[in-house]
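Taking it in order: structure first as structure tokens, then the write-up.
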Amino acid sequence: MPPSLGPLLRRATVGVLALAAMWAPGGFPAAATAAAPAPETSSLSFAQRYRAHQHGGIVRAANTAISCRPAPACSEVQAGGRGVNGDFDMFYVDVDGDPNTYNSSRAEVRLPAGSRVSYARLYWGGNLRVGEQKPSEDNGRVLVAEPGGAYKPVVADTVVGHRVADGAEAFQASADVTQLVRDSAPGLYTVAQVNVASGRSAAGAWGGWTLVVAYENPAEPLRDLALWDGFVRLSAHTPNVRLRDIAFAPGAWGYAGLVAYNGDRGTTGDSLTVTTERDGSTDLSGPANPSDDVLNSTISDLGDNPPGRVPWHANNLGYDSDVFDLGRGLQRGGDQLSLRLHAERDTAWAGVLFAAVDAQS
């Protein structure tokens, strides 16, 4: 169990921001100050965050920060049954056994042997307005513990997306954590204090975190890697990102990932599409993600629900972090591709897209 957080937070500095806090019984900060909170905006257009041409790939770890309160119906939904966050009284998941945190969850970063971390970025977000309303000044900070390590404060190093719409108050923040992940062994990372509200409302309670890690490994194929992020409401905008100036052979293999908020299982009309100049458009899907319901509250990895999460829920009630096989969309080769995330009926927010594609030698 990570040690008590108060002394750590009082002396820690992350980047140029100093974060000091005294922790009150029950897990909420009695006082917390930052030298300068990250600026916020209601919408962030998707832009490329990272690009590399190297032997290696991209992995990610992810988990929810909130779920339904224990009950037979809740257990059925967590095991994969149909249900949405607005149907339940939602409360925090808290796995660390530390009374100083009010939510915490774990997920595993798996890297092939011999890998070196090139870049790592942590994303977190959710809904601030449900049965309670959380202070938005806490959007830009979380606590992270590497495998076997103690909590460290992480502060957003870029603009935070923050938008009120349709009864929800949604946000996403992120920070570069390359050095932290590079200095740590692969394994279970714990993220705590994701600033999301609990309770019940028509808009529902939802939120979680995803750690995206790009790595180099000489034993793996040469690949083009790209990571994009933004913050857009999908019912009003469709993110479309393009990976240019690449060369992939016919039959090349690749994969793509997404992070989105408040996608409801069973609400169809949402899709992730890959387009190339030779193959046209292909809707991505897998055993865990129907092609017309990709935002179905799953944390999936190439069609499977990845192990190494605590808690492990098949239905995460409004949090998606998924990885898809691009194979069917890359059959004829090419030199560019685009990814398009679309939702017709879900009131959802998109936060992250990434791709890794085998390069032509």
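Each chain of the structure tokens is named A, B, ... in the order shown, its residues numbered from 1; ligands are numbered from 1 in display order.
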- Item | segment 245-257 of chain A environment, 6 Å, only C-alpha atoms, sequence neighbours closer than 4 positions dropped, as a list of chain:residue names | A:Asp322, A:Val323, A:Phe324, A:Asp325, A:Leu326, A:Gly327, A:Leu330, A:Gln331, A:Arg332, A:Gly333, A:Gly334, A:Asp335, A:Gln336, A:Leu353, A:Phe354, A:Ala355, A:Ala356, A:Val357, A:Asp358, A:Ala359, A:Gln360
Can those selected residues be exported to a file as a compact mmCIF listing (two decimals), in the first residue's frame so that it contains N, CA and C atoms?
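Result saved to result-v5.txt:
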# COMPACT_ATOMS: atom_id res chain seq x y z
N ASP A 322 -10.15 1.54 -25.91
CA ASP A 322 -10.16 0.34 -26.75
C ASP A 322 -9.05 0.38 -27.80
N VAL A 323 -8.59 -0.82 -28.18
CA VAL A 323 -7.60 -0.99 -29.23
C VAL A 323 -8.17 -1.93 -30.29
N PHE A 324 -8.06 -1.54 -31.57
CA PHE A 324 -8.66 -2.26 -32.69
C PHE A 324 -7.59 -2.70 -33.70
N ASP A 325 -7.82 -3.85 -34.31
CA ASP A 325 -6.98 -4.36 -35.39
C ASP A 325 -7.31 -3.60 -36.67
N LEU A 326 -6.30 -3.03 -37.32
CA LEU A 326 -6.49 -2.29 -38.57
C LEU A 326 -6.38 -3.18 -39.80
N GLY A 327 -6.08 -4.46 -39.61
CA GLY A 327 -5.71 -5.32 -40.73
C GLY A 327 -6.60 -5.24 -41.94
N LEU A 330 -6.04 -2.22 -44.35
CA LEU A 330 -4.71 -1.93 -44.90
C LEU A 330 -4.31 -2.94 -45.97
N GLN A 331 -5.27 -3.52 -46.66
CA GLN A 331 -4.99 -4.65 -47.54
C GLN A 331 -4.18 -4.30 -48.78
N ARG A 332 -4.31 -3.08 -49.28
CA ARG A 332 -3.67 -2.74 -50.55
C ARG A 332 -2.45 -1.84 -50.41
N GLY A 333 -2.05 -1.56 -49.18
CA GLY A 333 -0.90 -0.69 -48.99
C GLY A 333 -1.25 0.77 -49.21
N GLY A 334 -0.25 1.64 -49.02
CA GLY A 334 -0.48 3.06 -49.23
C GLY A 334 0.55 3.92 -48.54
N ASP A 335 0.28 5.22 -48.50
CA ASP A 335 1.22 6.14 -47.86
C ASP A 335 0.53 7.11 -46.90
N GLN A 336 -0.75 6.87 -46.61
CA GLN A 336 -1.44 7.67 -45.60
C GLN A 336 -2.72 6.95 -45.18
N LEU A 353 -6.90 9.46 -29.73
CA LEU A 353 -6.77 8.47 -30.79
C LEU A 353 -5.30 8.17 -30.97
N PHE A 354 -4.95 6.91 -31.25
CA PHE A 354 -3.56 6.60 -31.58
C PHE A 354 -3.51 5.46 -32.59
N ALA A 355 -2.36 5.31 -33.25
CA ALA A 355 -2.22 4.28 -34.27
C ALA A 355 -0.77 3.82 -34.35
N ALA A 356 -0.59 2.55 -34.70
CA ALA A 356 0.73 1.96 -34.98
C ALA A 356 0.57 1.10 -36.22
N VAL A 357 1.38 1.34 -37.25
CA VAL A 357 1.23 0.67 -38.54
C VAL A 357 2.60 0.17 -38.99
N ASP A 358 2.67 -1.11 -39.41
CA ASP A 358 3.91 -1.65 -39.94
C ASP A 358 4.38 -0.84 -41.14
N ALA A 359 5.63 -0.43 -41.12
CA ALA A 359 6.19 0.37 -42.20
C ALA A 359 6.81 -0.52 -43.26
N GLN A 360 6.79 -0.03 -44.49
CA GLN A 360 7.42 -0.79 -45.58
C GLN A 360 8.92 -0.62 -45.53
Env of Asp183 of chain A: 10 Å cut, atoms = only C-alpha atoms, seq-sep filter 5 positions within chain, self excluded. Answer as a CSV table (one decimal) with C-alpha atoms, in the first residue's frame.
chain,number,residue,atom,x,y,z
A,116,ARG,CA,12.7,1.3,-24.0
A,117,VAL,CA,9.9,3.8,-23.3
A,146,GLU,CA,4.2,3.1,-10.4
A,178,THR,CA,7.6,9.7,-19.8
- Message: If we count only C-alpha atoms and set the cut-off at 8 Å, which residues sit around Ser271 of chain A, ignoring sequence neighbours fewer than 5 positions away in its own chain? Please answer as a count of residues only.
- Response: 11
Under the rule of at most 10 Å, produce a per-residue listing of segment 223-275 of chain A near segment 79-87 of chain A: chain, number, name, the closest pair of atoms, and the distance in Å, as a tab-separated table, using only C-alpha atoms.
residue	atom	partner	partner_atom	distance
A:Asn262	CA	A:Asn85	CA	8.2
A:Gly263	CA	A:Val84	CA	8.7
A:Asp264	CA	A:Val84	CA	5.7
A:Arg265	CA	A:Arg82	CA	6.4
A:Gly266	CA	A:Arg82	CA	7.0
A:Thr267	CA	A:Val84	CA	9.5
Residue subset to file, keeping C-alpha atoms, as a PDB file, in the first residue's frame:
ATOM      1  CA  ASN A 262     -20.042   8.443 -21.677  1.00  0.00           C
ATOM      2  CA  GLY A 263     -20.524   5.926 -24.445  1.00  0.00           C
ATOM      3  CA  ASP A 264     -23.526   3.780 -23.487  1.00  0.00           C
ATOM      4  CA  ARG A 265     -23.695   0.064 -24.198  1.00  0.00           C
ATOM      5  CA  GLY A 266     -26.578  -0.686 -26.531  1.00  0.00           C
ATOM      6  CA  THR A 267     -26.883   2.845 -27.938  1.00  0.00           C
TER       7      THR A 267
END
- Do you know which residues are at most 12 Å from Ser45 of chain A counting only C-alpha atoms, after dropping those on the same chain fewer than 4 positions away, and could you put them as a list in words?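 Once the nearby chain positions are removed, what remains is Thr41, Arg49, Val159, Val160, Gly161, Trp228, Asp229, Gly230, Phe231, Val232, Arg233, Leu234, His237, Thr238, Pro239, Asn240, Val241, Trp349, Ala350, Gly351 and Val352 of chain A.
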Can you write just those residues out, N, CA and C atoms, as a compact mmCIF listing (two decimals), in the first residue's frame?
# COMPACT_ATOMS: atom_id res chain seq x y z
N THR A 41 -10.66 25.05 -21.66
CA THR A 41 -11.45 25.49 -22.80
C THR A 41 -12.55 24.48 -23.03
N ARG A 49 0.05 14.71 -30.99
CA ARG A 49 0.83 14.89 -29.77
C ARG A 49 2.20 14.26 -29.88
N VAL A 159 -3.57 22.43 -21.92
CA VAL A 159 -4.92 22.95 -21.72
C VAL A 159 -5.87 21.81 -21.38
N VAL A 160 -6.74 22.03 -20.41
CA VAL A 160 -7.74 21.06 -19.99
C VAL A 160 -9.04 21.33 -20.73
N GLY A 161 -9.63 20.29 -21.32
CA GLY A 161 -10.95 20.43 -21.91
C GLY A 161 -12.00 20.37 -20.82
N TRP A 228 -2.76 11.27 -31.12
CA TRP A 228 -3.47 12.53 -31.21
C TRP A 228 -4.36 12.68 -29.98
N ASP A 229 -4.60 13.92 -29.56
CA ASP A 229 -5.56 14.14 -28.48
C ASP A 229 -6.31 15.44 -28.69
N GLY A 230 -7.42 15.56 -28.00
CA GLY A 230 -8.27 16.74 -28.07
C GLY A 230 -9.39 16.56 -27.06
N PHE A 231 -10.44 17.33 -27.22
CA PHE A 231 -11.61 17.18 -26.33
C PHE A 231 -12.81 17.73 -27.09
N VAL A 232 -13.63 16.84 -27.63
CA VAL A 232 -14.76 17.27 -28.44
C VAL A 232 -15.99 16.45 -28.08
N ARG A 233 -17.12 17.11 -28.12
CA ARG A 233 -18.41 16.43 -27.90
C ARG A 233 -18.83 15.78 -29.21
N LEU A 234 -19.00 14.48 -29.18
CA LEU A 234 -19.17 13.74 -30.43
C LEU A 234 -20.50 14.01 -31.11
N HIS A 237 -19.47 17.10 -33.14
CA HIS A 237 -18.23 17.15 -33.92
C HIS A 237 -17.69 15.74 -34.09
N THR A 238 -17.02 15.49 -35.20
CA THR A 238 -16.44 14.18 -35.47
C THR A 238 -14.94 14.32 -35.65
N PRO A 239 -14.14 13.79 -34.72
CA PRO A 239 -12.68 13.87 -34.90
C PRO A 239 -12.25 13.05 -36.11
N ASN A 240 -11.40 13.62 -36.94
CA ASN A 240 -10.84 12.94 -38.09
C ASN A 240 -9.35 13.27 -38.12
N VAL A 241 -8.50 12.28 -37.88
CA VAL A 241 -7.06 12.53 -37.81
C VAL A 241 -6.38 11.76 -38.94
N TRP A 349 -17.98 12.21 -25.35
CA TRP A 349 -16.84 13.07 -25.59
C TRP A 349 -15.64 12.21 -26.02
N ALA A 350 -14.91 12.69 -27.02
CA ALA A 350 -13.71 11.99 -27.48
C ALA A 350 -12.49 12.69 -26.91
N GLY A 351 -11.48 11.89 -26.51
CA GLY A 351 -10.28 12.47 -25.92
C GLY A 351 -8.97 12.07 -26.55
N VAL A 352 -8.87 10.82 -27.08
CA VAL A 352 -7.58 10.30 -27.56
C VAL A 352 -7.80 9.38 -28.74
- Message: Quick check, in Å to one decimal: how far apart do atom CA of Gly125 of chain A and atom CA of Phe171 of chain A lie?
- Response: 5.2 Å
- Kindly indicate which residue among A:Leu188, A:Ala113, A:Ala145, A:Val130 lies nearest to Ala202 of chain A, using only C-alpha atoms for the distances.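 Of all the options, A:Val130 lies closest to Ala202 of chain A.
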- Item | atom CA of Gly199 of chain A to atom CA of Gly167 of chain A, straight-line distance in Å |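 Atom CA of Gly199 of chain A lies 13.4 Å from atom CA of Gly167 of chain A.
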- Task: Based on DSSP run over this structure's backbone, return all residues of segment 192-247 of chain A in strand (DSSP E or B), as a list in words.
- Result: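 Everything in segment 192-247 of chain A that counts as strand (DSSP E or B) is Ala192, Gly199, Gly207, Gly208, Trp209, Thr210, Leu211, Val212, Val213, Ala214, Tyr215, Glu216, Leu222, Arg223, Asp224, Leu225, Ala226, Leu227, Trp228, Asp229, Gly230, Phe231, Val232, Arg233, Asn240, Val241, Arg242 and Leu243 of chain A.
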Taking only residues of segment 208-292 of chain A that have an atom at most 6 Å from an atom of segment 62-74 of chain A, what is each one's shortest atom pair and its distance in Å to one decimal, using only C-alpha atoms, in chain and number order, as CSV?
residue,atom,partner,partner_atom,distance
A:Gly208,CA,A:Thr64,CA,4.0
A:Trp209,CA,A:Ala62,CA,5.6
A:Thr210,CA,A:Ala62,CA,4.2
